[in-house]
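Novice: This is input.pdb, which holds PDB, C-alpha atoms:
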ATOM      1  CA  MET A   2    -114.400 -63.290 123.850
ATOM      2  CA  SER A   3    -110.785 -62.596 123.055
ATOM      3  CA  GLN A   4    -109.838 -59.029 122.333
ATOM      4  CA  GLN A   5    -107.246 -57.878 119.825
ATOM      5  CA  GLN A   6    -104.083 -56.814 121.572
ATOM      6  CA  PRO A   7    -103.236 -53.156 121.008
ATOM      7  CA  ARG A   8    -100.183 -52.501 118.870
ATOM      8  CA  ARG A   9     -97.047 -51.559 120.684
ATOM      9  CA  PRO A  10     -96.168 -47.866 120.373
ATOM     10  CA  GLN A  11     -92.996 -48.720 118.465
ATOM     11  CA  GLU A  12     -94.957 -50.821 115.964
ATOM     12  CA  THR A  13     -97.579 -48.107 115.448
ATOM     13  CA  GLN A  14     -94.902 -45.484 114.893
ATOM     14  CA  ARG A  15     -93.058 -47.759 112.477
ATOM     15  CA  ARG A  16     -96.227 -48.344 110.442
ATOM     16  CA  GLN A  17     -96.995 -44.628 110.342
ATOM     17  CA  GLN A  18     -93.496 -43.894 109.067
ATOM     18  CA  GLU A  19     -93.859 -46.234 106.087
ATOM     19  CA  PRO A  20     -94.335 -44.079 102.975
ATOM     20  CA  ILE A  21     -96.942 -44.761 100.321
ATOM     21  CA  LYS A  22     -95.039 -46.336  97.462
ATOM     22  CA  TYR A  23     -95.794 -46.629  93.764
ATOM     23  CA  GLY A  24     -96.499 -50.330  94.176
ATOM     24  CA  ASP A  25     -99.189 -49.520  96.752
ATOM     25  CA  VAL A  26    -101.372 -47.583  94.305
ATOM     26  CA  PHE A  27    -100.246 -48.553  90.791
ATOM     27  CA  GLN A  28     -99.641 -51.880  89.044
ATOM     28  CA  VAL A  29     -95.905 -51.451  88.596
ATOM     29  CA  SER A  30     -92.931 -53.666  89.327
ATOM     30  CA  GLY A  31     -89.177 -53.551  89.814
ATOM     31  CA  ASP A  32     -87.429 -50.728  91.593
ATOM     32  CA  LEU A  33     -90.264 -48.273  90.906
ATOM     33  CA  ALA A  34     -92.725 -50.327  92.963
ATOM     34  CA  GLY A  35     -90.652 -49.818  96.111
ATOM     35  CA  GLN A  36     -90.095 -46.078  95.637
ATOM     36  CA  PRO A  37     -92.084 -43.571  97.728
ATOM     37  CA  ILE A  38     -94.316 -41.170  95.809
ATOM     38  CA  THR A  39     -92.833 -37.694  96.234
ATOM     39  CA  PRO A  40     -94.162 -34.148  95.748
ATOM     40  CA  GLN A  41     -91.841 -33.438  92.825
ATOM     41  CA  ASP A  42     -92.838 -36.667  91.059
ATOM     42  CA  ALA A  43     -96.470 -35.594  91.410
ATOM     43  CA  ALA A  44     -95.645 -32.084  90.189
ATOM     44  CA  MET A  45     -93.942 -33.461  87.083
ATOM     45  CA  MET A  46     -96.951 -35.637  86.263
ATOM     46  CA  GLN A  47     -99.331 -32.729  86.864
ATOM     47  CA  THR A  48     -97.323 -30.523  84.511
ATOM     48  CA  ALA A  49     -97.194 -33.257  81.874
ATOM     49  CA  GLU A  50    -100.956 -33.841  82.101
ATOM     50  CA  ALA A  51    -101.706 -30.122  81.946
ATOM     51  CA  SER A  52     -99.539 -29.687  78.849
ATOM     52  CA  VAL A  53    -101.401 -32.492  77.047
ATOM     53  CA  PHE A  54    -104.973 -32.173  78.346
ATOM     54  CA  GLY A  55    -104.989 -28.504  79.299
ATOM     55  CA  GLN A  56    -105.920 -29.559  82.830
ATOM     56  CA  VAL A  57    -105.204 -32.198  85.470
ATOM     57  CA  PRO A  58    -107.947 -34.832  85.069
ATOM     58  CA  SER A  59    -109.795 -35.729  88.245
ATOM     59  CA  GLY A  60    -108.896 -39.225  89.430
ATOM     60  CA  GLY A  61    -105.981 -39.566  87.007
ATOM     61  CA  PRO A  62    -102.439 -40.668  87.889
ATOM     62  CA  ALA A  63    -101.356 -37.115  88.743
ATOM     63  CA  ALA A  64    -104.235 -36.662  91.191
ATOM     64  CA  VAL A  65    -103.488 -40.014  92.825
ATOM     65  CA  MET A  66     -99.784 -39.165  93.049
ATOM     66  CA  GLN A  67    -100.523 -35.742  94.529
ATOM     67  CA  ALA A  68    -102.724 -37.228  97.253
ATOM     68  CA  ALA A  69    -100.135 -39.877  98.122
ATOM     69  CA  ALA A  70     -97.266 -37.374  98.058
ATOM     70  CA  ALA A  71     -99.170 -34.993 100.347
ATOM     71  CA  MET A  72     -99.734 -37.804 102.847
ATOM     72  CA  ASN A  73     -96.071 -38.786 102.682
ATOM     73  CA  GLU A  74     -94.995 -35.187 103.221
ATOM     74  CA  ARG A  75     -97.338 -34.746 106.197
ATOM     75  CA  ALA A  76     -95.946 -37.945 107.695
ATOM     76  CA  GLY A  77     -92.442 -36.542 107.340
ATOM     77  CA  VAL A  78     -91.162 -39.431 105.216
ATOM     78  CA  VAL A  79     -90.489 -37.251 102.139
ATOM     79  CA  GLY A  80     -89.697 -33.580 101.653
ATOM     80  CA  ARG A  81     -91.454 -31.075  99.411
ATOM     81  CA  ASP A  82     -88.449 -30.897  97.058
ATOM     82  CA  ASP A  83     -87.850 -34.664  96.904
ATOM     83  CA  ALA A  84     -88.013 -36.573  93.624
ATOM     84  CA  THR A  85     -87.337 -40.263  93.107
ATOM     85  CA  ASP A  86     -84.310 -41.308  91.077
ATOM     86  CA  VAL A  87     -86.586 -43.214  88.692
ATOM     87  CA  ALA A  88     -88.677 -40.147  87.839
ATOM     88  CA  ARG A  89     -85.713 -37.786  87.733
ATOM     89  CA  ASP A  90     -83.371 -40.000  85.698
ATOM     90  CA  ARG A  91     -85.767 -41.991  83.504
ATOM     91  CA  GLY A  92     -88.494 -39.429  83.097
ATOM     92  CA  VAL A  93     -92.200 -38.837  83.529
ATOM     93  CA  ALA A  94     -94.270 -38.864  80.345
ATOM     94  CA  VAL A  95     -97.776 -38.511  79.018
ATOM     95  CA  SER A  96     -98.043 -39.792  75.460
ATOM     96  CA  ALA A  97    -100.978 -40.006  73.075
ATOM     97  CA  THR A  98    -101.447 -42.207  70.038
ATOM     98  CA  ASP A  99    -104.331 -41.779  67.631
ATOM     99  CA  THR A 100    -106.513 -44.779  66.814
ATOM    100  CA  GLU A 101    -108.415 -45.934  63.768
ATOM    101  CA  TYR A 102    -111.431 -44.037  65.101
ATOM    102  CA  PRO A 103    -111.369 -40.315  64.220
ATOM    103  CA  GLY A 104    -110.948 -38.048  67.223
ATOM    104  CA  THR A 105    -110.052 -40.912  69.552
ATOM    105  CA  TRP A 106    -106.663 -41.151  71.250
ATOM    106  CA  VAL A 107    -105.061 -43.652  73.597
ATOM    107  CA  VAL A 108    -103.294 -41.652  76.298
ATOM    108  CA  THR A 109    -100.602 -43.425  78.304
ATOM    109  CA  GLU A 110     -99.031 -41.994  81.458
ATOM    110  CA  SER A 111     -95.797 -43.451  82.738
ATOM    111  CA  VAL A 112     -92.923 -43.013  85.166
ATOM    112  CA  GLY A 113     -89.559 -44.492  84.283
ATOM    113  CA  GLY A 114     -91.140 -46.271  81.335
ATOM    114  CA  GLN A 115     -93.691 -48.107  83.498
ATOM    115  CA  VAL A 116     -97.350 -47.417  82.780
ATOM    116  CA  LEU A 117     -99.387 -45.880  85.603
ATOM    117  CA  GLY A 118    -102.580 -45.388  83.631
ATOM    118  CA  GLN A 119    -104.032 -45.600  80.150
ATOM    119  CA  VAL A 120    -107.293 -44.066  78.982
ATOM    120  CA  TYR A 121    -109.159 -43.261  75.786
ATOM    121  CA  GLN A 122    -109.446 -39.550  75.107
ATOM    122  CA  TYR A 123    -112.287 -38.437  72.853
ATOM    123  CA  THR A 124    -111.288 -34.795  72.556
ATOM    124  CA  GLU A 125    -108.311 -33.104  70.995
ATOM    125  CA  VAL A 126    -104.943 -33.519  72.678
ATOM    126  CA  GLN A 127    -101.660 -31.806  71.901
ATOM    127  CA  ALA A 128    -100.376 -33.678  68.851
ATOM    128  CA  THR A 129     -97.820 -33.352  66.116
ATOM    129  CA  THR A 130     -98.240 -34.972  62.717
ATOM    130  CA  ALA A 131    -101.308 -37.087  62.085
ATOM    131  CA  GLY A 132    -100.840 -40.756  62.806
ATOM    132  CA  ALA A 133     -97.666 -40.251  64.830
ATOM    133  CA  ALA A 134     -97.086 -41.316  68.397
ATOM    134  CA  VAL A 135     -96.936 -38.161  70.481
ATOM    135  CA  VAL A 136     -94.294 -38.277  73.197
ATOM    136  CA  GLN A 137     -94.218 -35.626  75.877
ATOM    137  CA  ALA A 138     -92.802 -32.605  74.071
ATOM    138  CA  GLN A 139     -90.415 -29.980  75.378
ATOM    139  CA  ILE A 140     -92.364 -27.606  77.612
ATOM    140  CA  THR A 141     -91.822 -23.878  77.241
ATOM    141  CA  ILE A 142     -91.797 -21.347  80.032
ATOM    142  CA  GLY A 143     -95.173 -20.025  78.898
ATOM    143  CA  GLU A 144     -96.638 -23.518  78.960
ATOM    144  CA  ALA A 145     -95.209 -24.092  82.436
ATOM    145  CA  LEU A 146     -96.924 -20.910  83.624
ATOM    146  CA  GLU A 147    -100.220 -22.102  82.163
ATOM    147  CA  ALA A 148     -99.725 -25.539  83.730
ATOM    148  CA  ALA A 149     -99.612 -23.871  87.156
ATOM    149  CA  ILE A 150    -103.288 -23.003  86.661
ATOM    150  CA  ALA A 151    -104.139 -26.697  86.936
ATOM    151  CA  THR A 152    -102.340 -27.072  90.254
ATOM    152  CA  ALA A 153    -102.763 -23.683  91.947
ATOM    153  CA  GLY A 154    -105.137 -21.670  89.787
ATOM    154  CA  ASN A 155    -107.385 -20.693  92.694
ATOM    155  CA  LYS A 156    -104.535 -19.301  94.789
ATOM    156  CA  PRO A 157    -104.777 -15.534  95.382
ATOM    157  CA  VAL A 158    -101.810 -13.791  93.775
ATOM    158  CA  ASP A 159     -99.280 -12.454  96.280
ATOM    159  CA  GLN A 160     -95.872 -10.843  95.941
ATOM    160  CA  SER A 161     -94.043 -14.168  95.762
ATOM    161  CA  ASP A 162     -96.238 -15.258  92.843
ATOM    162  CA  ALA A 163     -95.709 -11.955  91.053
ATOM    163  CA  ALA A 164     -91.940 -12.164  91.507
ATOM    164  CA  ALA A 165     -91.910 -15.715  90.170
ATOM    165  CA  VAL A 166     -94.017 -14.786  87.129
ATOM    166  CA  GLN A 167     -91.816 -11.778  86.374
ATOM    167  CA  ALA A 168     -88.682 -13.919  86.694
ATOM    168  CA  ALA A 169     -90.228 -16.431  84.297
ATOM    169  CA  GLU A 170     -90.999 -13.664  81.786
ATOM    170  CA  VAL A 171     -87.435 -12.352  81.992
ATOM    171  CA  ARG A 172     -86.130 -15.871  81.364
ATOM    172  CA  ALA A 173     -88.514 -16.428  78.465
ATOM    173  CA  THR A 174     -87.768 -13.150  76.693
ATOM    174  CA  GLY A 175     -84.107 -12.696  77.572
ATOM    175  CA  SER A 176     -84.893  -9.084  78.519
ATOM    176  CA  ASN A 177     -85.008  -7.450  81.939
ATOM    177  CA  VAL A 178     -87.757  -5.128  80.729
ATOM    178  CA  ILE A 179     -91.227  -6.227  81.896
ATOM    179  CA  ALA A 180     -93.647  -5.572  79.054
ATOM    180  CA  PRO A 181     -96.547  -3.247  80.002
ATOM    181  CA  GLY A 182     -99.764  -5.239  80.068
ATOM    182  CA  GLY A 183     -97.845  -8.512  79.872
ATOM    183  CA  VAL A 184     -98.129 -11.478  82.196
ATOM    184  CA  GLY A 185     -95.451 -10.202  84.578
ATOM    185  CA  ALA A 186     -96.934  -6.719  84.851
ATOM    186  CA  THR A 187    -100.401  -8.191  85.320
ATOM    187  CA  ALA A 188     -99.139 -10.426  88.127
ATOM    188  CA  GLN A 189     -97.523  -7.459  89.892
ATOM    189  CA  SER A 190    -100.713  -5.399  89.601
ATOM    190  CA  ALA A 191    -102.756  -8.310  90.955
ATOM    191  CA  ALA A 192    -100.435  -8.731  93.948
ATOM    192  CA  ALA A 193    -100.655  -5.004  94.749
ATOM    193  CA  PHE A 194    -104.443  -5.069  94.444
ATOM    194  CA  ASN A 195    -104.770  -8.171  96.633
ATOM    195  CA  ALA A 196    -102.562  -6.698  99.357
ATOM    196  CA  GLY A 197    -105.323  -4.254 100.198
ATOM    197  CA  LEU A 198    -108.020  -6.909 100.591
ATOM    198  CA  ASP A 199    -108.817  -9.196 103.497
ATOM    199  CA  ARG A 200    -111.080 -11.847 101.978
ATOM    200  CA  ASP A 201    -109.504 -14.374  99.631
ATOM    201  CA  GLU A 202    -112.712 -14.663  97.635
ATOM    202  CA  ASP A 203    -112.346 -11.001  96.603
ATOM    203  CA  LYS A 204    -108.754 -11.373  95.443
ATOM    204  CA  ILE A 205    -107.377 -11.927  91.945
ATOM    205  CA  LYS A 206    -106.321 -15.542  91.437
ATOM    206  CA  LEU A 207    -103.454 -17.100  89.510
ATOM    207  CA  VAL A 208    -105.883 -18.411  86.907
ATOM    208  CA  ASP A 209    -106.857 -14.799  86.136
ATOM    209  CA  VAL A 210    -103.230 -13.843  85.597
ATOM    210  CA  LEU A 211    -101.793 -16.912  83.869
ATOM    211  CA  THR A 212    -104.545 -17.844  81.414
ATOM    212  CA  GLY A 213    -103.121 -17.473  77.905
ATOM    213  CA  ALA A 214     -99.629 -16.764  79.266
ATOM    214  CA  THR A 215     -97.880 -18.303  76.261
ATOM    215  CA  ALA A 216     -99.600 -15.992  73.786
ATOM    216  CA  ARG A 217     -99.014 -12.957  76.019
ATOM    217  CA  LEU A 218     -95.265 -13.412  76.337
ATOM    218  CA  PRO A 219     -93.283 -11.323  73.805
ATOM    219  CA  ALA A 220     -91.050 -14.383  73.341
ATOM    220  CA  ASP A 221     -90.856 -17.889  74.738
ATOM    221  CA  LYS A 222     -88.338 -20.703  75.119
ATOM    222  CA  VAL A 223     -88.034 -24.235  76.436
ATOM    223  CA  ALA A 224     -87.775 -24.295  80.241
ATOM    224  CA  THR A 225     -84.358 -25.328  81.559
ATOM    225  CA  ARG A 226     -82.934 -26.073  84.984
ATOM    226  CA  ASP A 227     -81.333 -22.599  85.107
ATOM    227  CA  ASP A 228     -84.695 -21.009  84.313
ATOM    228  CA  ALA A 229     -86.377 -23.014  87.061
ATOM    229  CA  GLU A 230     -83.706 -22.085  89.600
ATOM    230  CA  GLY A 231     -84.132 -18.399  88.783
ATOM    231  CA  VAL A 232     -87.892 -18.584  89.258
ATOM    232  CA  VAL A 233     -87.565 -20.603  92.478
ATOM    233  CA  THR A 234     -85.126 -18.029  93.887
ATOM    234  CA  ALA A 235     -87.487 -15.165  93.055
ATOM    235  CA  GLU A 236     -90.436 -16.907  94.708
ATOM    236  CA  LEU A 237     -88.437 -17.810  97.817
ATOM    237  CA  ARG A 238     -87.035 -14.300  98.311
ATOM    238  CA  ASN A 239     -90.484 -12.751  98.219
ATOM    239  CA  ASN A 240     -92.203 -15.269 100.490
ATOM    240  CA  PRO A 241     -92.168 -14.337 104.194
ATOM    241  CA  ASN A 242     -91.890 -18.027 105.065
ATOM    242  CA  LEU A 243     -88.954 -18.492 102.661
ATOM    243  CA  THR A 244     -90.709 -21.404 100.966
ATOM    244  CA  THR A 245     -92.156 -21.963  97.525
ATOM    245  CA  ASN A 246     -95.918 -22.167  97.094
ATOM    246  CA  PRO A 247     -97.270 -25.744  96.768
ATOM    247  CA  GLY A 248     -98.190 -26.355  93.140
ATOM    248  CA  GLY A 249     -97.329 -22.753  92.273
ATOM    249  CA  VAL A 250     -95.239 -21.100  89.580
ATOM    250  CA  ALA A 251     -91.870 -22.264  90.913
ATOM    251  CA  THR A 252     -93.088 -25.833  91.332
ATOM    252  CA  SER A 253     -94.491 -25.890  87.796
ATOM    253  CA  MET A 254     -91.269 -24.468  86.343
ATOM    254  CA  THR A 255     -89.164 -27.015  88.217
ATOM    255  CA  ALA A 256     -91.376 -29.847  87.011
ATOM    256  CA  ALA A 257     -91.222 -28.590  83.415
ATOM    257  CA  ALA A 258     -87.414 -28.378  83.519
ATOM    258  CA  ARG A 259     -87.148 -31.921  84.867
ATOM    259  CA  LEU A 260     -89.572 -33.190  82.230
ATOM    260  CA  ASN A 261     -87.521 -31.478  79.532
ATOM    261  CA  GLU A 262     -84.308 -33.027  80.809
ATOM    262  CA  GLY A 263     -85.949 -36.448  80.695
ATOM    263  CA  ALA A 264     -87.220 -35.844  77.148
ATOM    264  CA  THR A 265     -83.771 -34.877  75.866
ATOM    265  CA  SER A 266     -82.035 -37.820  77.534
ATOM    266  CA  THR A 267     -84.263 -40.472  75.909
TER     267      THR A 267
END
With the file now loaded, output its structure as structure tokens.

Specialist:
Amino acid sequence: MSQQQPRRPQETQRRQQEPIKYGDVFQVSGDLAGQPITPQDAAMMQTAEASVFGQVPSGGPAAVMQAAAAMNERAGVVGRDDATDVARDRGVAVSATDTEYPGTWVVTESVGGQVLGQVYQYTEVQATTAGAAVVQAQITIGEALEAAIATAGNKPVDQSDAAAVQAAEVRATGSNVIAPGGVGATAQSAAAFNAGLDRDEDKIKLVDVLTGATARLPADKVATRDDAEGVVTAELRNNPNLTTNPGGVATSMTAAARLNEGATST
């Protein structure tokens, strides 16, 4: 009986270094099909889904992208801050169109204008006027904070999270004064409380701090690149590892700013 010859080390290494591309997991074509799925692409889709659905649906395009991006990052073929030109320049969108059946929507998710997934949604989605096609709207800072719940809601709040939330509040309100009892003050209190605990299960989580963030901000505004950079800087400076938290506040803000840039350029 003949036995399969083992792969040469060079061939095995070459195969392992091949990133998972859009064309490997989605029915897309053109230049998008050959692009690797990156962490920032996944973050943008997660933020878009969260702003429409209020959560990141299990098994949806964002979840698939996140899994592929994580594998690509672990393999060292993409970096955490990488985004493809297609997603960055042509946009990531989740759009919903109502149908002739009351309460039923067709939700389409796309990157660079190419559809990754399309489903029927039988519950309310974020919409504008009745009967209109709903294109991914401009995301505010408060909405970006709430979107972080979908990607990192179970993370115990630490000082880097608190600093990022406070920076986001300052950007949203235009004031350096942190409102007592507001989202920034709550985040700081949670970080201080958690610092004295050992078990993660006993600690206050991001979901506890960020739920209803939009309503709790004294003022709000559309997230911009400058806002995202300010939040990223705050999170980095207060993280002992000098990195941002995967799926955390800074990541959500960055994704929201990129989504907003794509929405204004179309």

Novice: When the PyMOL selection byres ((chain A and resi 180-193) around 7) is applied to the file above, which residues end up in the set, as a PyMOL selection string?

Specialist: chain A and resi 158-160+163+166-167+170+178-179+194-196+205+210-211+214+217-218

Novice: Which of these, A:Val78, A:Val29, A:Ile140, A:Val112, has the shortest distance to Arg91 (chain A) once you count only C-alpha atoms?

Specialist: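 Smallest separation from Arg91 (chain A) among the options: A:Val112.
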
Novice: Pick out the closest residue to Ser161 (chain A) from this set: A:Val116, A:Ala224, A:Leu33, A:Val250. Count all atoms listed in the file.

Specialist: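 Counting all atoms listed in the file, the residue closest to Ser161 (chain A) is A:Val250.
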
Novice: Evaluated on this file, the PyMOL selection byres ((chain A and resi 257) around 9) picks out some residues - which ones are they, written as a ChimeraX atom specification?

Specialist: /A:44-45,48-49,139-142,144-145,223-226,229,252-256,258-262

Novice: A:Ala149, A:Val79, A:Ala165, A:Leu198: which is nearest Gly55 (chain A), counting only C-alpha atoms?

Specialist: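 Selected residue with least distance to Gly55 (chain A): A:Ala149.
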
Novice: Considering only C-alpha atoms, can you say which of A:Thr105, A:Gln56, A:Gln47, A:Gln67 comes closest to Val26 (chain A)?

Specialist: A:Gln67

Novice: For CA of Arg172 (chain A) and CA of Leu207 (chain A), quote the distance in Å rounded to one decimal.

Specialist: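 A separation of 19.2 Å between them.
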
Novice: What lies within 7 Å of Ala51 (chain A) using all atoms listed in the file, ignoring chain neighbours under 6 positions off, as number ranges by chain?

Specialist: A: 57, 148, 151
